[in-house]
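Dumped start_20.txt below, it's compact mmCIF, C-alpha atoms:
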# COMPACT_ATOMS: atom_id res chain seq x y z
CA MET D 29 0.00 0.00 0.00
CA ILE D 30 2.81 2.42 0.79
CA ASP D 31 4.52 1.68 -2.52
CA ASP D 32 1.26 2.03 -4.43
CA GLN D 33 0.30 5.33 -2.82
CA MET D 34 3.80 6.77 -3.09
CA SER D 35 3.71 6.08 -6.83
CA GLN D 36 0.64 8.34 -7.10
CA LEU D 37 2.24 11.34 -5.44
CA ARG D 38 3.75 12.83 -8.58
CA PRO D 39 2.08 16.03 -9.85
CA ARG D 40 -0.94 15.64 -12.11
CA PRO D 41 -1.22 17.59 -15.38
CA ASP D 42 -4.17 19.65 -14.09
CA GLU D 43 -2.71 20.33 -10.63
CA ILE D 44 -2.20 23.90 -9.43
CA GLU D 45 -0.15 25.08 -6.48
CA ARG D 46 -2.44 25.79 -3.53
CA GLU D 47 -2.26 29.19 -1.87
CA GLN D 48 -2.11 27.60 1.57
CA LEU D 49 1.19 25.89 0.68
CA SER D 50 3.13 28.88 2.00
CA GLN D 51 1.16 28.74 5.26
CA VAL D 52 2.11 25.14 6.10
CA LYS D 53 4.76 25.43 8.80
CA ASN D 54 6.76 22.83 10.65
CA LEU D 55 8.76 23.09 13.87
CA ASP D 56 10.90 20.41 15.46
CA GLY D 57 8.83 18.35 17.86
CA PHE D 58 5.49 19.57 16.46
CA ALA D 59 3.01 17.70 14.27
CA THR D 60 1.62 19.80 11.41
CA ILE D 61 -2.13 19.27 11.02
CA ILE D 62 -3.97 20.04 7.77
CA THR D 63 -7.74 19.99 8.18
CA GLY D 64 -10.58 20.68 5.79
CA MET D 65 -13.64 19.23 4.13
CA ARG D 66 -13.47 16.09 2.04
CA ARG D 67 -12.30 16.51 -1.56
CA VAL D 68 -10.80 19.99 -1.15
CA GLY D 69 -7.30 18.76 -2.00
CA LYS D 70 -5.59 17.91 1.29
CA SER D 71 -3.72 15.01 -0.33
CA THR D 72 -2.59 17.34 -3.11
CA LEU D 73 -1.37 19.88 -0.56
CA LEU D 74 0.53 17.17 1.34
CA ASN D 75 2.04 16.11 -1.96
CA GLN D 76 3.13 19.68 -2.70
CA VAL D 77 4.75 19.99 0.73
CA ALA D 78 6.57 16.70 0.13
CA ARG D 79 7.63 17.83 -3.35
CA ASN D 80 9.15 20.97 -1.89
CA MET D 81 11.23 18.70 0.33
CA GLY D 82 12.49 16.85 -2.72
CA TYR D 83 10.90 13.48 -1.81
CA GLY D 84 14.27 12.50 -0.32
CA HIS D 85 13.21 10.64 2.83
CA VAL D 86 9.46 11.07 2.52
CA MET D 87 6.82 8.45 3.28
CA TYR D 88 3.10 8.95 2.55
CA LEU D 89 0.15 6.83 3.63
CA ASN D 90 -3.57 7.54 3.15
CA PHE D 91 -5.77 5.64 5.61
CA ASP D 92 -8.99 6.58 3.77
CA ASP D 93 -8.43 3.78 1.26
CA ILE D 94 -10.55 0.64 0.98
CA ASN D 95 -7.39 -1.48 1.10
CA MET D 96 -6.52 0.08 4.47
CA SER D 97 -9.90 -0.70 6.03
CA GLY D 98 -8.46 -3.55 8.11
CA PHE D 99 -5.68 -1.43 9.62
CA GLN D 100 -5.84 -1.47 13.43
CA GLN D 101 -3.85 -0.12 16.35
CA ASP D 102 -1.88 -3.40 16.51
CA ASP D 103 -0.52 -2.63 13.03
CA PHE D 104 1.24 0.55 14.18
CA ALA D 105 4.28 -1.50 15.24
CA ARG D 106 4.56 -2.90 11.70
CA LEU D 107 4.20 0.62 10.28
CA HIS D 108 6.88 1.88 12.68
CA ASN D 109 9.25 -0.85 11.50
CA GLU D 110 8.52 0.03 7.86
CA ILE D 111 9.33 3.69 8.53
CA LYS D 112 12.70 2.66 9.95
CA ARG D 113 13.40 0.20 7.12
CA ARG D 114 12.78 2.87 4.49
CA GLU D 115 14.87 5.43 6.43
CA ALA D 116 12.01 7.89 6.07
CA HIS D 117 12.19 11.11 8.08
CA GLU D 118 9.33 13.26 6.74
CA LEU D 119 6.08 11.37 7.34
CA PHE D 120 2.73 12.24 5.75
CA PHE D 121 -0.41 10.57 7.11
CA ASP D 122 -3.71 11.26 5.34
CA GLU D 123 -6.94 10.71 7.36
CA ILE D 124 -5.01 8.85 10.08
CA GLN D 125 -7.73 9.72 12.61
CA LEU D 126 -9.78 6.88 11.10
CA VAL D 127 -7.59 4.46 13.10
CA ALA D 128 -8.22 4.35 16.85
CA GLY D 129 -5.18 5.23 18.92
CA TRP D 130 -3.42 7.08 16.09
CA GLU D 131 -2.26 9.86 18.43
CA ILE D 132 -0.10 7.42 20.42
CA LEU D 133 1.95 6.62 17.31
CA ILE D 134 2.31 10.31 16.43
CA HIS D 135 3.47 11.14 19.93
CA GLN D 136 6.18 8.49 19.75
CA LEU D 137 7.33 9.56 16.28
CA LEU D 138 7.66 13.15 17.48
CA ARG D 139 9.74 12.02 20.46
CA GLU D 140 11.99 10.15 18.04
CA GLY D 141 12.58 13.29 15.98
CA TYR D 142 10.47 12.57 12.89
CA VAL D 143 8.84 15.39 10.91
CA VAL D 144 5.12 14.58 10.87
CA TYR D 145 2.29 15.96 8.73
CA ILE D 146 -1.31 14.84 9.28
CA SER D 147 -4.49 15.61 7.37
CA GLY D 148 -8.07 15.05 8.44
CA SER D 149 -11.61 15.92 7.42
CA ASN D 150 -13.10 16.11 10.90
CA ALA D 151 -11.67 19.02 12.86
CA SER D 152 -13.48 18.13 16.07
CA MET D 153 -12.03 14.62 16.23
CA LEU D 154 -8.53 15.91 15.61
CA SER D 155 -8.71 18.76 18.13
CA VAL D 156 -10.07 16.56 20.92
CA ASP D 157 -7.41 13.89 20.47
CA LEU D 158 -4.62 16.40 20.00
CA GLY D 159 -5.64 18.29 23.12
CA THR D 160 -5.38 15.06 25.11
CA HIS D 161 -2.26 13.47 23.67
CA LEU D 162 -0.29 16.19 21.87
CA THR D 163 -0.88 19.22 24.06
CA GLY D 164 1.22 22.09 22.79
CA ARG D 165 2.85 19.91 20.15
CA HIS D 166 0.87 20.64 17.01
CA LEU D 167 0.46 23.39 14.41
CA SER D 168 -2.71 23.70 12.35
CA THR D 169 -3.44 24.75 8.77
CA GLU D 170 -6.97 24.83 7.33
CA LEU D 171 -7.45 24.00 3.66
CA PHE D 172 -10.53 25.35 1.89
CA PRO D 173 -12.00 24.87 -1.59
CA PHE D 174 -10.43 26.91 -4.39
CA SER D 175 -10.25 30.65 -3.78
CA TYR D 176 -11.30 32.93 -6.63
CA ASN D 177 -7.66 33.28 -7.72
CA GLU D 178 -7.17 29.50 -7.65
CA PHE D 179 -10.42 29.09 -9.59
CA LEU D 180 -9.10 31.46 -12.28
CA THR D 181 -5.78 29.64 -12.44
CA TYR D 182 -7.48 26.24 -12.72
CA THR D 183 -10.11 27.25 -15.30
CA ARG D 184 -7.85 29.72 -17.13
CA GLU D 185 -10.64 32.30 -17.06
CA ALA D 186 -9.92 36.01 -16.85
CA ALA D 187 -10.81 38.04 -13.78
CA GLY D 188 -14.10 39.83 -14.35
CA VAL D 189 -17.85 39.74 -13.90
CA GLN D 190 -18.37 36.57 -15.94
CA SER D 191 -15.80 34.51 -14.03
CA LEU D 192 -17.11 35.95 -10.75
CA ASP D 193 -20.62 34.75 -11.59
CA ASN D 194 -19.25 31.34 -12.56
CA TYR D 195 -17.31 31.09 -9.31
CA MET D 196 -20.29 32.10 -7.18
CA LEU D 197 -22.44 29.23 -8.45
CA THR D 198 -19.71 26.67 -9.15
CA GLY D 199 -17.75 27.02 -5.95
CA GLY D 200 -14.26 25.63 -5.49
CA ILE D 201 -14.41 21.85 -5.03
CA PRO D 202 -11.62 20.85 -7.46
CA GLU D 203 -13.29 17.77 -8.98
CA PHE D 204 -16.54 19.66 -9.58
CA VAL D 205 -14.75 22.68 -11.04
CA LYS D 206 -13.10 20.27 -13.47
CA THR D 207 -16.11 18.17 -14.48
CA ARG D 208 -19.19 20.27 -13.54
CA ASP D 209 -20.89 16.95 -12.76
CA ARG D 210 -23.32 17.69 -9.92
CA ALA D 211 -23.30 14.02 -8.88
CA ILE D 212 -19.87 14.81 -7.37
CA LEU D 213 -21.39 17.41 -5.06
CA ARG D 214 -24.33 15.18 -4.09
CA THR D 215 -21.96 12.33 -3.25
CA LEU D 216 -19.67 14.68 -1.32
CA LEU D 217 -22.55 16.04 0.74
CA ASP D 218 -23.76 12.54 1.55
CA ASP D 219 -20.24 11.41 2.53
CA VAL D 220 -19.79 14.37 4.87
CA LEU D 221 -23.16 13.87 6.53
CA VAL D 222 -23.05 10.09 6.80
CA ARG D 223 -19.36 9.16 7.11
CA ASP D 224 -17.87 12.21 8.82
CA ILE D 225 -20.83 13.03 11.05
CA ALA D 226 -23.50 10.34 11.46
CA ILE D 227 -21.16 7.37 11.83
CA ASN D 228 -18.44 9.10 13.84
CA LYS D 229 -20.86 10.93 16.12
CA ASN D 230 -23.40 8.11 16.48
CA VAL D 231 -26.24 10.20 15.05
CA ARG D 232 -29.35 8.03 14.99
CA ASN D 233 -31.72 10.43 13.25
CA VAL D 234 -29.80 10.80 9.99
CA ASP D 235 -32.87 12.12 8.15
CA ALA D 236 -33.11 15.03 10.58
CA LEU D 237 -29.41 15.74 10.11
CA LYS D 238 -29.82 15.78 6.32
CA GLN D 239 -32.93 17.98 6.47
CA LEU D 240 -31.13 20.50 8.62
CA ALA D 241 -28.04 20.48 6.37
CA VAL D 242 -30.08 21.11 3.23
CA TYR D 243 -31.99 23.90 4.97
CA MET D 244 -28.83 25.63 6.16
CA LEU D 245 -27.16 25.35 2.75
CA SER D 246 -30.33 26.73 1.14
CA ASN D 247 -30.35 29.74 3.47
CA ILE D 248 -26.80 31.01 3.29
CA ALA D 249 -26.15 34.57 4.54
CA ARG D 250 -29.31 34.46 6.67
CA PHE D 251 -29.89 34.59 10.41
CA TYR D 252 -30.91 31.56 12.40
CA SER D 253 -31.54 30.45 15.97
CA ALA D 254 -31.41 26.89 17.25
CA SER D 255 -34.86 27.03 18.85
CA LYS D 256 -36.53 27.91 15.54
CA LEU D 257 -34.67 25.16 13.68
CA THR D 258 -36.20 22.32 15.69
CA THR D 259 -39.23 22.33 13.39
CA VAL D 260 -37.01 22.32 10.30
CA ALA D 261 -35.04 19.31 11.53
CA GLY D 262 -38.06 17.57 13.00
CA VAL D 263 -36.52 17.23 16.46
CA SER D 264 -37.85 18.31 19.82
CA SER D 265 -34.72 19.66 21.49
CA PRO D 266 -32.72 22.78 20.53
CA SER D 267 -29.66 21.06 22.02
CA THR D 268 -29.91 18.41 19.28
CA VAL D 269 -29.93 21.17 16.66
CA ILE D 270 -26.93 22.82 18.32
CA ASP D 271 -25.06 19.50 18.22
CA PHE D 272 -25.93 18.95 14.56
CA LEU D 273 -24.75 22.45 13.63
CA SER D 274 -21.52 21.93 15.56
CA PHE D 275 -20.91 18.65 13.72
CA MET D 276 -21.47 20.38 10.36
CA ARG D 277 -19.10 23.22 11.24
CA ASN D 278 -16.41 20.81 12.41
CA ALA D 279 -16.75 18.87 9.15
CA TYR D 280 -16.31 22.16 7.22
CA LEU D 281 -19.76 21.96 5.63
CA ILE D 282 -21.03 25.25 7.03
CA ASP D 283 -19.72 28.07 9.17
CA SER D 284 -21.41 30.85 11.10
CA ILE D 285 -20.74 34.22 12.67
CA GLY D 286 -22.23 36.03 15.65
CA LEU D 287 -23.04 39.61 16.56
CA TYR D 288 -20.03 41.74 17.46
CA ASP D 289 -20.36 42.97 21.02
CA HIS D 290 -17.98 43.46 23.92
CA SER D 291 -20.22 41.18 25.99
CA LEU D 292 -20.02 37.47 25.19
CA LYS D 293 -23.47 37.05 26.72
CA VAL D 294 -24.97 39.54 24.26
CA THR D 295 -23.27 37.76 21.37
CA ALA D 296 -24.49 34.37 22.57
CA ARG D 297 -28.16 35.33 22.89
CA ASN D 298 -28.40 36.98 19.47
CA PRO D 299 -29.03 35.09 16.21
CA ARG D 300 -26.11 33.79 14.22
CA LYS D 301 -25.62 34.03 10.47
CA VAL D 302 -24.87 30.92 8.43
CA TYR D 303 -22.54 30.52 5.44
CA ALA D 304 -21.61 27.56 3.29
CA CYS D 305 -17.94 26.63 3.10
CA ASP D 306 -18.53 26.13 -0.63
CA THR D 307 -21.16 27.94 -2.69
CA GLY D 308 -21.26 25.09 -5.21
CA LEU D 309 -22.66 22.83 -2.48
CA ALA D 310 -25.23 25.50 -1.60
CA SER D 311 -26.23 25.81 -5.25
CA SER D 312 -26.51 22.03 -5.62
CA VAL D 313 -29.28 21.77 -3.01
CA SER D 314 -31.13 24.94 -3.99
CA LEU D 315 -34.58 24.42 -5.50
CA SER D 316 -34.57 27.91 -7.00
CA HIS D 317 -33.92 28.32 -10.73
CA SER D 318 -32.70 31.87 -10.06
CA PRO D 319 -30.63 31.87 -6.87
CA ASP D 320 -30.29 35.03 -4.80
CA VAL D 321 -26.97 36.22 -6.19
CA GLY D 322 -26.67 38.83 -3.47
CA ARG D 323 -26.48 36.13 -0.80
CA TYR D 324 -24.01 34.12 -2.90
CA LEU D 325 -21.82 37.20 -3.28
CA GLU D 326 -21.89 37.74 0.49
CA ASN D 327 -20.97 34.08 0.99
CA ILE D 328 -17.90 34.20 -1.24
CA VAL D 329 -16.74 37.34 0.55
CA PHE D 330 -17.05 35.37 3.79
CA ILE D 331 -15.11 32.45 2.27
CA SER D 332 -12.35 34.85 1.25
CA LEU D 333 -12.18 36.21 4.79
CA ARG D 334 -12.01 32.65 6.18
CA HIS D 335 -8.93 32.03 4.05
CA GLN D 336 -7.25 34.77 6.08
CA TYR D 337 -8.94 34.74 9.49
CA ALA D 338 -10.27 32.21 11.97
CA SER D 339 -14.06 32.18 12.23
CA ASP D 340 -13.93 33.62 15.75
CA HIS D 341 -12.46 36.82 14.30
CA ILE D 342 -15.39 37.46 11.95
CA TYR D 343 -18.70 38.96 13.15
CA TYR D 344 -21.61 41.01 11.93
CA TYR D 345 -22.74 44.39 13.29
CA ALA D 346 -26.37 45.23 14.08
CA GLN D 347 -27.89 48.15 15.94
CA ARG D 348 -30.14 50.61 14.10
CA GLY D 349 -28.51 49.49 10.88
CA GLU D 350 -26.48 46.43 9.88
CA CYS D 351 -22.99 45.80 8.54
CA ASP D 352 -22.26 42.38 7.09
CA PHE D 353 -18.73 41.81 8.40
CA VAL D 354 -16.66 43.06 11.32
CA VAL D 355 -13.16 41.58 11.21
CA THR D 356 -11.12 41.70 14.40
CA GLY D 357 -7.40 41.44 15.06
CA ALA D 358 -5.40 39.39 17.53
CA ASP D 359 -6.72 41.42 20.48
CA ASN D 360 -10.31 41.06 19.16
CA ARG D 361 -10.50 44.75 18.33
CA PRO D 362 -12.28 45.63 15.08
CA GLU D 363 -9.88 46.37 12.27
CA MET D 364 -11.99 46.01 9.11
CA LEU D 365 -15.63 46.65 8.15
CA ILE D 366 -17.16 45.21 4.98
CA GLN D 367 -20.63 45.66 3.56
CA VAL D 368 -21.69 43.42 0.67
CA CYS D 369 -24.25 44.53 -1.90
CA HIS D 370 -24.85 42.93 -5.27
CA GLU D 371 -25.76 46.30 -6.82
CA LEU D 372 -26.02 49.76 -5.30
CA ASN D 373 -29.12 51.64 -6.45
CA ASP D 374 -31.51 54.35 -5.29
CA GLU D 375 -33.56 51.87 -3.28
CA ASN D 376 -30.75 50.41 -1.18
CA PHE D 377 -28.00 53.05 -1.16
CA ASP D 378 -29.02 54.76 2.09
CA ARG D 379 -29.55 51.45 3.91
CA GLU D 380 -26.19 50.00 2.89
CA MET D 381 -24.23 53.19 3.47
CA ASN D 382 -25.92 54.05 6.77
CA GLY D 383 -25.36 50.54 8.16
CA LEU D 384 -21.66 50.75 7.32
CA THR D 385 -21.07 54.30 8.58
CA GLU D 386 -23.00 53.57 11.80
CA ALA D 387 -20.63 50.66 12.43
CA MET D 388 -17.62 52.86 11.60
CA THR D 389 -18.70 55.41 14.20
CA ALA D 390 -19.61 52.88 16.88
CA LEU D 391 -16.44 50.83 16.44
CA HIS D 392 -14.10 53.83 15.95
CA LEU D 393 -12.92 52.97 12.46
CA ASP D 394 -12.49 55.70 9.84
CA HIS D 395 -12.66 53.47 6.77
CA GLY D 396 -15.15 51.00 5.37
CA VAL D 397 -15.63 48.96 2.21
CA ILE D 398 -18.71 48.11 0.17
CA VAL D 399 -18.09 45.07 -2.06
CA THR D 400 -20.34 44.97 -5.13
CA ARG D 401 -20.58 42.78 -8.18
CA ASP D 402 -19.22 45.37 -10.64
CA GLU D 403 -19.22 48.93 -9.25
CA GLU D 404 -16.50 51.28 -8.05
CA ASP D 405 -16.74 54.60 -6.21
CA HIS D 406 -15.39 56.56 -3.27
CA PHE D 407 -17.25 58.59 -0.66
CA GLU D 408 -16.18 60.87 2.16
CA THR D 409 -18.66 60.80 5.02
CA ALA D 410 -18.85 62.23 8.53
CA ALA D 411 -17.76 58.80 9.80
CA GLY D 412 -14.81 58.50 7.42
CA SER D 413 -14.00 57.28 3.91
CA VAL D 414 -15.93 54.54 2.13
CA ASP D 415 -14.62 52.67 -0.90
CA VAL D 416 -17.02 50.86 -3.22
CA VAL D 417 -15.07 48.06 -4.89
CA LYS D 418 -15.74 45.45 -7.55
CA ALA D 419 -15.88 42.00 -6.00
CA TRP D 420 -13.78 40.38 -8.70
CA LYS D 421 -11.02 42.93 -8.03
CA TRP D 422 -11.33 42.69 -4.25
CA LEU D 423 -11.16 38.88 -4.34
CA ALA D 424 -8.18 38.90 -6.69
What would the structure in this file look like if it were written as C-alpha cells?
Amino acid sequence: MIDDQMSQLRPRPDEIEREQLSQVKNLDGFATIITGMRRVGKSTLLNQVARNMGYGHVMYLNFDDINMSGFQQDDFARLHNEIKRREAHELFFDEIQLVAGWEILIHQLLREGYVVYISGSNASMLSVDLGTHLTGRHLSTELFPFSYNEFLTYTREAAGVQSLDNYMLTGGIPEFVKTRDRAILRTLLDDVLVRDIAINKNVRNVDALKQLAVYMLSNIARFYSASKLTTVAGVSSPSTVIDFLSFMRNAYLIDSIGLYDHSLKVTARNPRKVYACDTGLASSVSLSHSPDVGRYLENIVFISLRHQYASDHIYYYAQRGECDFVVTGADNRPEMLIQVCHELNDENFDREMNGLTEAMTALHLDHGVIVTRDEEDHFETAAGSVDVVKAWKWLA
C-alpha cells in the first residue's frame, strides 16, 4: 500500500499550487495538522509539501483507502518498522484519525525526531485527540476549496464579472470545477453527513441531520436560531440542533458568525448568520432556478475572509442598521468593516451606506468597504471614507 500510494504522489497535469502551501509550517517536535472538508485537495497539498522537500526521505500513507480498512492499532508496530526500514524522516499521514489510537503513534514519532504531517476531514475529532495526547505539540493549517484566484488559475478564465458569476455558483471543489458533474457534489454532501458526522458521532436520526443540512445550505447569509430550527429538523430539542450544527461546522460543511459585542453574553443570545464553506454545495441543493446572487456574493466574501482569518475573528454588526462583516485582530479589536451589496441603487443606497457608517462610528474605524458585483466609487462621510469596490477585483 505504501509503494502504491507513493507512486501516485507525482504532480498531475491539471494540478495547481495551492495558496495555503506557503502557510504550512513545521517546527521540530510539532506535528503539522492540515484539516478541511473532504475533496478539497488535502492530499494534493501534502504532496506539494513533500515535493518541496524533494521526496528525499518522505513516506506517505492515506488511511482513507478501501485497502486500508483492516488497519488497526496493533498494526502501528509494523508501520513503525517500515518507517525505519525505508529510512524515512518526513512522514505524511492522510486521514489517520480513522484508526483508533493514532495519536499514540504520532506522539512516539515526534519524540523520536520525525517530521510529521497529518491531514483530516473532521476538525473536532482531531482537536479533541490532540488536546489530550499532543498538548502544545501541534500546528494547524486549514485547507478550503479553491479561492477565486485559484479558480481562475485552474479554469484559465480572466478576472471579471463573468468569471465571478461562474465562481459564485460553481464554488471551489476541485473535482466539480473540473467536471461540472453535480453528482460529485451530491456524493460529497452525503459522505460528509453520513461518514464524517452520522457514523463518527453516532447520530441516529440521519434524516433530521440531512434535512437541517439542506436547509442551512439553502439559506446562506441568513440569520438563524437553534430554537426555531427544531421544526425544520423535525426534532424536539434545541440542544440536538446545536449538536448537529456543531458537527457540520467541524466537518467544514457550514460556518457561522455572531453579533459583534464586547459582551459574550450579548453575542451568545443573538441570532447567528450561516454561510456555506462552498457555494457550489449551496447551489446544488437549492430548488430555485434563479438563486439570490446577493447572498451568494456575500458568501464568497465570507469564504475569502475565512482564508485569512479564523471564524472567531469574523462577526456582523447590528444596531439601528447592519454591517455584514466586522473583522477583528489578535486582540479582538475591530480592524476592518465590509458591507456586501450585489448592486447599489436608489432603493438600497441609504440602507447599505448608513449601516456601514454607523458601524464605523460605533467601532471607531475611519474606513469601510462596500463590495459589489461590478461597481467602483469613493465617498467621504462624517464617519470617514468609504470605498465601493468590484468583487472580482477585491477577491483577486
Query raised in the report: In Å, how far is it from atom CA of D:Val368 to atom CA of D:Asp402?
Result: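 Between these atoms lies a distance of 11.7 Å.
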Requested in this report: Using only C-alpha atoms, find the one residue out of D:Ile62, D:Ala236, D:Leu309, D:Leu37 that sits nearest to D:Phe204.
Outcome: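 Under the stated criterion, the closest residue is D:Leu309.
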Requested in this report: Please provide the set of residues having any atom within 12 Å of D:Lys206, restricted to all atoms listed in the file, with same-chain residues fewer than 4 positions apart removed, written as a VMD selection string.
Outcome: chain D and resid 42 to 43 174 179 to 184 198 to 202 210 212
Report task. Name the closest residue to D:Tyr337 among the candidates D:Thr169, D:Thr258, D:Ser291, D:Ser253; distances are taken between atoms, counting all atoms listed in the file. Result ->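 Closest residue, counting all atoms listed in the file: D:Thr169.
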**Report entry** Minimum-distance residue to D:Glu123, chosen among D:Met81, D:Leu55, D:Val269, D:Met96 (using all atoms listed in the file)
**Finding:** D:Met96
Query raised in the report: Which value, in Å to one decimal, gives the distance between atom CA of D:Cys305 and atom CA of D:Leu171?
Result: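 Atom-to-atom, atom CA of D:Cys305 and atom CA of D:Leu171 are spaced 10.8 Å apart.
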**Report entry** Contact residues around D:Leu89 with only C-alpha atoms at 10 Å, ignoring same-chain residues under 5 positions, as a PyMOL selection string
**Finding:** chain D and resi 29-34+71+96+107+119-124+146
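The interatomic distance for the pair atom CA of D:Ile285 and atom CA of D:Asn228 works out to 25.3 Å.
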Query raised in the report: What's the 9 Å shell around D:Val189, counting all atoms listed in the file, without same-chain residues fewer than 5 positions away, as a ChimeraX atom specification?
Result: /D:194,401-402,418-420
